[in-house]
$ cat target.cif   # mmCIF, C-alpha atoms
data_start
#
loop_
_atom_site.label_atom_id
_atom_site.label_comp_id
_atom_site.auth_asym_id
_atom_site.auth_seq_id
_atom_site.Cartn_x
_atom_site.Cartn_y
_atom_site.Cartn_z
CA ARG A 1 -23.77 -37.63 -35.06
CA LYS A 2 -27.32 -38.98 -34.99
CA GLU A 3 -30.08 -36.47 -34.34
CA VAL A 4 -31.43 -38.54 -31.47
CA GLU A 5 -29.28 -41.11 -29.69
CA GLN A 6 -30.31 -43.75 -27.21
CA ASP A 7 -28.62 -46.69 -25.53
CA PRO A 8 -30.20 -49.66 -27.35
CA GLY A 9 -30.01 -51.91 -24.30
CA PRO A 10 -31.38 -54.39 -23.57
CA PHE A 11 -32.00 -53.46 -19.98
CA ASN A 12 -32.84 -56.61 -18.06
CA VAL A 13 -34.29 -55.73 -14.66
CA PRO A 14 -36.26 -57.63 -12.00
CA GLU A 15 -39.82 -56.74 -11.16
CA GLY A 16 -39.97 -53.85 -8.73
CA ALA A 17 -36.68 -52.34 -9.86
CA THR A 18 -36.16 -48.72 -10.83
CA VAL A 19 -34.69 -48.19 -14.28
CA ALA A 20 -33.61 -45.05 -16.12
CA PHE A 21 -33.18 -44.42 -19.83
CA ASN A 22 -31.23 -41.58 -21.31
CA CYS A 23 -31.40 -39.84 -24.64
CA THR A 24 -29.40 -37.05 -26.26
CA TYR A 25 -30.38 -34.86 -29.18
CA SER A 26 -28.20 -32.82 -31.48
CA ASN A 27 -30.41 -29.89 -32.51
CA SER A 28 -30.31 -27.23 -29.83
CA ALA A 29 -33.38 -25.56 -31.38
CA SER A 30 -35.56 -28.59 -30.72
CA GLN A 31 -38.90 -27.61 -29.29
CA SER A 32 -40.84 -30.63 -28.14
CA PHE A 33 -39.87 -33.92 -26.59
CA PHE A 34 -41.67 -37.17 -26.03
CA TRP A 35 -41.29 -40.74 -24.93
CA TYR A 36 -43.13 -43.35 -26.97
CA ARG A 37 -43.52 -47.00 -26.12
CA GLN A 38 -43.42 -49.73 -28.77
CA ASP A 39 -44.38 -53.31 -28.04
CA CYS A 40 -42.87 -56.06 -30.17
CA ARG A 41 -44.15 -55.87 -33.77
CA LYS A 42 -46.67 -53.17 -32.85
CA GLU A 43 -46.98 -49.48 -33.56
CA PRO A 44 -45.42 -46.88 -31.24
CA LYS A 45 -47.76 -45.24 -28.77
CA LEU A 46 -47.28 -42.03 -26.87
CA LEU A 47 -46.16 -42.67 -23.31
CA MET A 48 -45.68 -39.09 -22.20
CA SER A 49 -44.57 -35.68 -23.29
CA VAL A 50 -41.49 -34.19 -21.63
CA TYR A 51 -41.81 -30.71 -20.19
CA SER A 52 -39.02 -28.32 -19.29
CA SER A 53 -39.74 -28.51 -15.58
CA GLY A 54 -39.94 -32.29 -15.61
CA ASN A 55 -43.15 -34.24 -15.26
CA GLU A 56 -44.49 -37.35 -13.67
CA ASP A 57 -47.24 -39.78 -14.63
CA GLY A 58 -47.69 -42.48 -12.04
CA ARG A 59 -44.53 -44.58 -11.96
CA PHE A 60 -43.00 -42.71 -14.88
CA THR A 61 -40.93 -39.54 -14.58
CA ALA A 62 -39.53 -37.62 -17.54
CA GLN A 63 -36.90 -34.90 -17.35
CA LEU A 64 -35.37 -32.50 -19.84
CA ASN A 65 -32.01 -30.76 -19.64
CA ARG A 66 -31.84 -28.25 -22.47
CA ALA A 67 -28.32 -27.10 -21.64
CA SER A 68 -26.99 -30.63 -22.05
CA GLN A 69 -29.54 -31.58 -24.72
CA TYR A 70 -30.50 -34.58 -22.69
CA ILE A 71 -33.80 -36.31 -21.90
CA SER A 72 -34.43 -39.04 -19.39
CA LEU A 73 -37.18 -41.46 -18.44
CA LEU A 74 -37.35 -43.06 -15.02
CA ILE A 75 -39.58 -46.04 -14.35
CA ARG A 76 -40.18 -46.97 -10.72
CA ASP A 77 -41.49 -50.29 -9.41
CA SER A 78 -41.13 -51.99 -12.79
CA LYS A 79 -43.90 -54.33 -13.88
CA LEU A 80 -43.71 -57.23 -16.31
CA SER A 81 -46.04 -55.25 -18.54
CA ASP A 82 -43.44 -52.48 -18.83
CA SER A 83 -41.36 -54.73 -21.08
CA ALA A 84 -41.16 -52.92 -24.40
CA THR A 85 -38.95 -50.65 -26.46
CA TYR A 86 -38.93 -47.03 -25.33
CA LEU A 87 -38.43 -44.46 -28.07
CA CYS A 88 -37.05 -41.00 -27.43
CA VAL A 89 -38.69 -38.52 -29.79
CA VAL A 90 -37.79 -34.94 -30.62
CA LYS A 91 -39.49 -32.26 -32.68
CA PRO A 92 -36.61 -30.32 -34.21
CA GLY A 93 -38.33 -26.97 -34.74
CA GLY A 94 -41.42 -25.05 -35.73
CA GLY A 95 -43.46 -25.42 -38.85
CA ALA A 96 -46.78 -26.71 -40.01
CA THR A 97 -46.13 -30.35 -39.35
CA ASN A 98 -45.12 -32.70 -36.59
CA LYS A 99 -41.96 -33.96 -38.27
CA LEU A 100 -40.75 -35.93 -35.32
CA ILE A 101 -37.31 -37.51 -35.10
CA PHE A 102 -37.26 -40.91 -33.43
CA GLY A 103 -34.38 -42.57 -31.65
CA THR A 104 -33.75 -46.24 -32.32
CA GLY A 105 -35.18 -47.13 -28.94
CA THR A 106 -34.09 -48.77 -25.71
CA LEU A 107 -35.31 -52.29 -25.06
CA LEU A 108 -36.53 -53.03 -21.56
CA ALA A 109 -37.12 -56.59 -20.36
CA VAL A 110 -38.61 -56.89 -16.89
CA GLN A 111 -37.97 -60.32 -15.39
CA PRO A 112 -40.24 -62.07 -12.87
CA SER B 113 -63.12 -40.40 -31.38
CA GLN B 114 -60.42 -40.54 -34.01
CA THR B 115 -59.23 -43.81 -35.51
CA ILE B 116 -56.61 -44.66 -38.08
CA HIS B 117 -56.67 -47.73 -40.29
CA GLN B 118 -53.88 -49.22 -42.34
CA TRP B 119 -53.92 -52.15 -44.74
CA PRO B 120 -52.74 -54.65 -45.60
CA ALA B 121 -51.20 -55.64 -42.27
CA THR B 122 -48.69 -58.02 -43.81
CA LEU B 123 -47.49 -58.65 -47.32
CA VAL B 124 -44.75 -60.52 -49.09
CA GLN B 125 -43.84 -59.22 -52.52
CA PRO B 126 -41.23 -60.20 -55.12
CA VAL B 127 -38.56 -57.75 -56.22
CA GLY B 128 -39.80 -55.61 -59.08
CA SER B 129 -43.47 -55.88 -58.19
CA PRO B 130 -45.67 -52.85 -57.43
CA LEU B 131 -46.81 -51.78 -53.99
CA SER B 132 -49.81 -49.96 -52.61
CA LEU B 133 -50.38 -49.36 -48.90
CA GLU B 134 -53.46 -47.48 -47.78
CA CYS B 135 -54.23 -45.46 -44.72
CA THR B 136 -57.44 -43.75 -43.69
CA VAL B 137 -58.29 -41.60 -40.71
CA GLU B 138 -61.75 -41.21 -39.23
CA GLY B 139 -63.20 -38.73 -36.79
CA THR B 140 -61.14 -35.70 -37.74
CA SER B 141 -60.84 -33.21 -40.57
CA ASN B 142 -57.77 -31.89 -42.37
CA PRO B 143 -55.27 -33.96 -40.42
CA ASN B 144 -51.56 -33.89 -41.11
CA LEU B 145 -50.65 -37.35 -42.43
CA TYR B 146 -47.32 -39.14 -42.39
CA TRP B 147 -45.64 -42.28 -43.67
CA TYR B 148 -42.78 -43.67 -41.61
CA ARG B 149 -40.67 -46.76 -42.19
CA GLN B 150 -38.95 -48.80 -39.52
CA ALA B 151 -36.26 -51.12 -40.82
CA ALA B 152 -34.82 -53.86 -38.65
CA GLY B 153 -32.52 -52.39 -36.00
CA ARG B 154 -33.17 -48.83 -37.10
CA GLY B 155 -35.31 -45.98 -35.88
CA LEU B 156 -38.43 -44.74 -37.55
CA GLN B 157 -37.61 -42.80 -40.69
CA LEU B 158 -40.04 -40.21 -41.99
CA LEU B 159 -40.73 -40.88 -45.67
CA PHE B 160 -43.56 -38.49 -46.60
CA TYR B 161 -45.88 -36.04 -44.95
CA SER B 162 -48.96 -34.20 -46.15
CA VAL B 163 -50.73 -31.13 -44.81
CA GLY B 164 -53.63 -31.31 -47.25
CA ILE B 165 -55.18 -32.96 -50.30
CA GLY B 166 -52.65 -33.29 -53.09
CA GLN B 167 -49.86 -31.80 -50.96
CA ILE B 168 -47.01 -34.25 -50.48
CA SER B 169 -43.53 -33.60 -49.15
CA SER B 170 -40.81 -36.18 -49.50
CA GLU B 171 -38.17 -36.43 -46.85
CA VAL B 172 -35.70 -38.82 -48.43
CA PRO B 173 -34.96 -39.84 -52.02
CA GLN B 174 -36.21 -43.32 -52.55
CA ASN B 175 -38.09 -45.82 -54.60
CA LEU B 176 -41.46 -44.83 -53.15
CA SER B 177 -44.16 -42.24 -53.74
CA ALA B 178 -47.17 -41.03 -51.81
CA SER B 179 -50.51 -39.55 -52.70
CA ARG B 180 -53.39 -37.97 -50.84
CA PRO B 181 -56.46 -38.19 -53.05
CA GLN B 182 -58.90 -37.37 -50.23
CA ASP B 183 -58.66 -35.43 -46.99
CA ARG B 184 -58.41 -38.52 -44.81
CA GLN B 185 -56.71 -40.95 -47.19
CA PHE B 186 -52.97 -41.40 -47.63
CA ILE B 187 -51.44 -43.93 -50.02
CA LEU B 188 -47.89 -45.19 -50.26
CA SER B 189 -46.84 -46.70 -53.58
CA SER B 190 -43.99 -48.13 -55.54
CA LYS B 191 -43.80 -49.15 -59.19
CA LYS B 192 -40.95 -51.63 -58.64
CA LEU B 193 -39.98 -52.86 -55.21
CA LEU B 194 -36.38 -53.33 -54.13
CA LEU B 195 -35.07 -55.68 -51.46
CA SER B 196 -34.19 -52.60 -49.39
CA ASP B 197 -37.87 -51.60 -49.30
CA SER B 198 -38.56 -54.32 -46.75
CA GLY B 199 -39.66 -52.96 -43.40
CA PHE B 200 -42.48 -51.95 -41.14
CA TYR B 201 -44.48 -49.09 -42.66
CA LEU B 202 -46.43 -46.89 -40.32
CA CYS B 203 -49.02 -44.30 -41.19
CA ALA B 204 -49.63 -41.57 -38.64
CA TRP B 205 -51.78 -38.52 -38.19
CA SER B 206 -51.69 -35.39 -36.11
CA VAL B 207 -53.63 -32.20 -35.74
CA PHE B 208 -52.06 -28.94 -36.84
CA PRO B 209 -49.34 -28.18 -34.32
CA GLY B 210 -50.76 -24.73 -33.63
CA SER B 211 -53.59 -26.37 -31.75
CA GLY B 212 -51.11 -27.26 -29.03
CA ALA B 213 -51.27 -30.99 -29.55
CA ASN B 214 -48.00 -32.19 -31.03
CA VAL B 215 -48.89 -35.83 -30.80
CA LEU B 216 -48.52 -38.38 -33.54
CA THR B 217 -50.95 -41.29 -33.52
CA PHE B 218 -49.92 -44.31 -35.53
CA GLY B 219 -51.83 -46.96 -37.39
CA ALA B 220 -51.15 -50.60 -36.66
CA GLY B 221 -48.57 -50.78 -39.44
CA SER B 222 -47.94 -52.79 -42.59
CA ARG B 223 -45.11 -55.28 -42.52
CA LEU B 224 -43.55 -55.65 -45.97
CA THR B 225 -41.10 -58.36 -46.95
CA VAL B 226 -39.55 -58.13 -50.39
CA LEU B 227 -38.03 -61.37 -51.66
#
$ encode --input "target.cif" --output "structure tokens"
Amino acid sequence: RKEVEQDPGPFNVPEGATVAFNCTYSNSASQSFFWYRQDCRKEPKLLMSVYSSGNEDGRFTAQLNRASQYISLLIRDSKLSDSATYLCVVKPGGGATNKLIFGTGTLLAVQP
Amino acid sequence: SQTIHQWPATLVQPVGSPLSLECTVEGTSNPNLYWYRQAAGRGLQLLFYSVGIGQISSEVPQNLSASRPQDRQFILSSKKLLLSDSGFYLCAWSVFPGSGANVLTFGAGSRLTVL
């Protein structure tokens, strides 16, 4: 089983739609969780951290379910500029480094 | 503010040739530094990380090596490239996790094609 698993997509949605991405992780001791965004042929950039109580940043909502080892990202009112690959990222445990484990990403294509 | 630079941005190398990718970070001291590789259709794979000058940890056995000759410089090397070394190489930095900021910031990447 992969450490971090995501549906690769692509998710093709019209502008204004709501879309949700899911991610599961295998290490129950994982401590920190993130969503990164990666545009085509560019570096990944942090979109948002995921907190235990769930958190929202504008049109983006992230949720964590530790019991099910499941993370989600909800995007409301999709914009063309949201088209990108969304990477689910997990920090497996403690230690002196940020050895993050990346999922393979979910591709989102927002259509006009 | 902190910035991270990687070069070269793109390179095409023949099998068996050497490789050197460089990464420098500005605006911070004693960062943790990382090399990741992203192969086509695969997730980012951590190759090396460093918590200080001369301190390198390798995550996977491979044809590559890394060095940290200065606090804010991280170099990825190979003596003889293989076809399987092709990919998108990303350098990243973070502060020590104890500061509360567990964020990785990536450079713009180096796209390597081995022919």
$ resolve_selection --input "target.cif" --expression "the PyMOL selection byres ((chain B and resi 163-170) around 7)" --output "list in words"
Asn142, Pro143, Asn144, Leu145, Leu159, Phe160, Tyr161, Ser162, Glu171, Val172, Ala178, Ser179, Arg180, Pro181, Gln182 and Asp183 of chain B
$ write_last_selection --input "target.cif" --atoms "C-alpha atoms" --output "PDB file, in the coordinates of the input"
ATOM      1  CA  ASN B 142     -57.770 -31.890 -42.370  1.00  0.00           C
ATOM      2  CA  PRO B 143     -55.270 -33.960 -40.420  1.00  0.00           C
ATOM      3  CA  ASN B 144     -51.560 -33.890 -41.110  1.00  0.00           C
ATOM      4  CA  LEU B 145     -50.650 -37.350 -42.430  1.00  0.00           C
ATOM      5  CA  LEU B 159     -40.730 -40.880 -45.670  1.00  0.00           C
ATOM      6  CA  PHE B 160     -43.560 -38.490 -46.600  1.00  0.00           C
ATOM      7  CA  TYR B 161     -45.880 -36.040 -44.950  1.00  0.00           C
ATOM      8  CA  SER B 162     -48.960 -34.200 -46.150  1.00  0.00           C
ATOM      9  CA  GLU B 171     -38.170 -36.430 -46.850  1.00  0.00           C
ATOM     10  CA  VAL B 172     -35.700 -38.820 -48.430  1.00  0.00           C
ATOM     11  CA  ALA B 178     -47.170 -41.030 -51.810  1.00  0.00           C
ATOM     12  CA  SER B 179     -50.510 -39.550 -52.700  1.00  0.00           C
ATOM     13  CA  ARG B 180     -53.390 -37.970 -50.840  1.00  0.00           C
ATOM     14  CA  PRO B 181     -56.460 -38.190 -53.050  1.00  0.00           C
ATOM     15  CA  GLN B 182     -58.900 -37.370 -50.230  1.00  0.00           C
ATOM     16  CA  ASP B 183     -58.660 -35.430 -46.990  1.00  0.00           C
TER      17      ASP B 183
END
$ interface_residues --input "target.cif" --of "chain A" --to "chain B" --cutoff "12 Å" --atoms "all atoms listed in the file" --output "MDAnalysis selection string"
chainID A and resid 2:6 8:9 31:50 85:107
$ atom_distance --input "target.cif" --atom1 "CA of Leu80 (chain A)" --atom2 "CA of Ala20 (chain A)"
15.8 Å
$ residues_around --input "target.cif" --residues "region 126-141 of chain B" --least-positions-apart "5" --cutoff "9 Å" --atoms "all atoms listed in the file" --output "ChimeraX atom specification"
/B:113-120,176,183-195,201,203-205,207,219,222,225-227
$ closest_residue --input "target.cif" --among "B:Tyr148, B:Leu224, B:Asp197, B:Leu123" --to "Gln174 (chain B)" --atoms "all atoms listed in the file"
B:Asp197
$ atom_distance --input "target.cif" --atom1 "CA of Asn65 (chain A)" --atom2 "CA of Asn12 (chain A)"
25.9 Å
$ atom_distance --input "target.cif" --atom1 "CA of Gly16 (chain A)" --atom2 "CA of Ser78 (chain A)"
4.6 Å
$ residues_around --input "target.cif" --residues "Asn22 (chain A)" --least-positions-apart "3" --cutoff "7 Å" --atoms "all atoms listed in the file" --output "list in words"
Gln6, Ile71, Ser72 and Leu73 of chain A
$ residues_near_point --input "target.cif" --point "(-28.7, -27.6, -30.1)" --cutoff "9 Å" --atoms "only C-alpha atoms" --output "ChimeraX atom specification"
/A:25-30,66-69
$ write_last_selection --input "target.cif" --atoms "C-alpha atoms" --output "PDB file, in the frame of the given file"
ATOM      1  CA  TYR A  25     -30.380 -34.860 -29.180  1.00  0.00           C
ATOM      2  CA  SER A  26     -28.200 -32.820 -31.480  1.00  0.00           C
ATOM      3  CA  ASN A  27     -30.410 -29.890 -32.510  1.00  0.00           C
ATOM      4  CA  SER A  28     -30.310 -27.230 -29.830  1.00  0.00           C
ATOM      5  CA  ALA A  29     -33.380 -25.560 -31.380  1.00  0.00           C
ATOM      6  CA  SER A  30     -35.560 -28.590 -30.720  1.00  0.00           C
ATOM      7  CA  ARG A  66     -31.840 -28.250 -22.470  1.00  0.00           C
ATOM      8  CA  ALA A  67     -28.320 -27.100 -21.640  1.00  0.00           C
ATOM      9  CA  SER A  68     -26.990 -30.630 -22.050  1.00  0.00           C
ATOM     10  CA  GLN A  69     -29.540 -31.580 -24.720  1.00  0.00           C
TER      11      GLN A  69
END
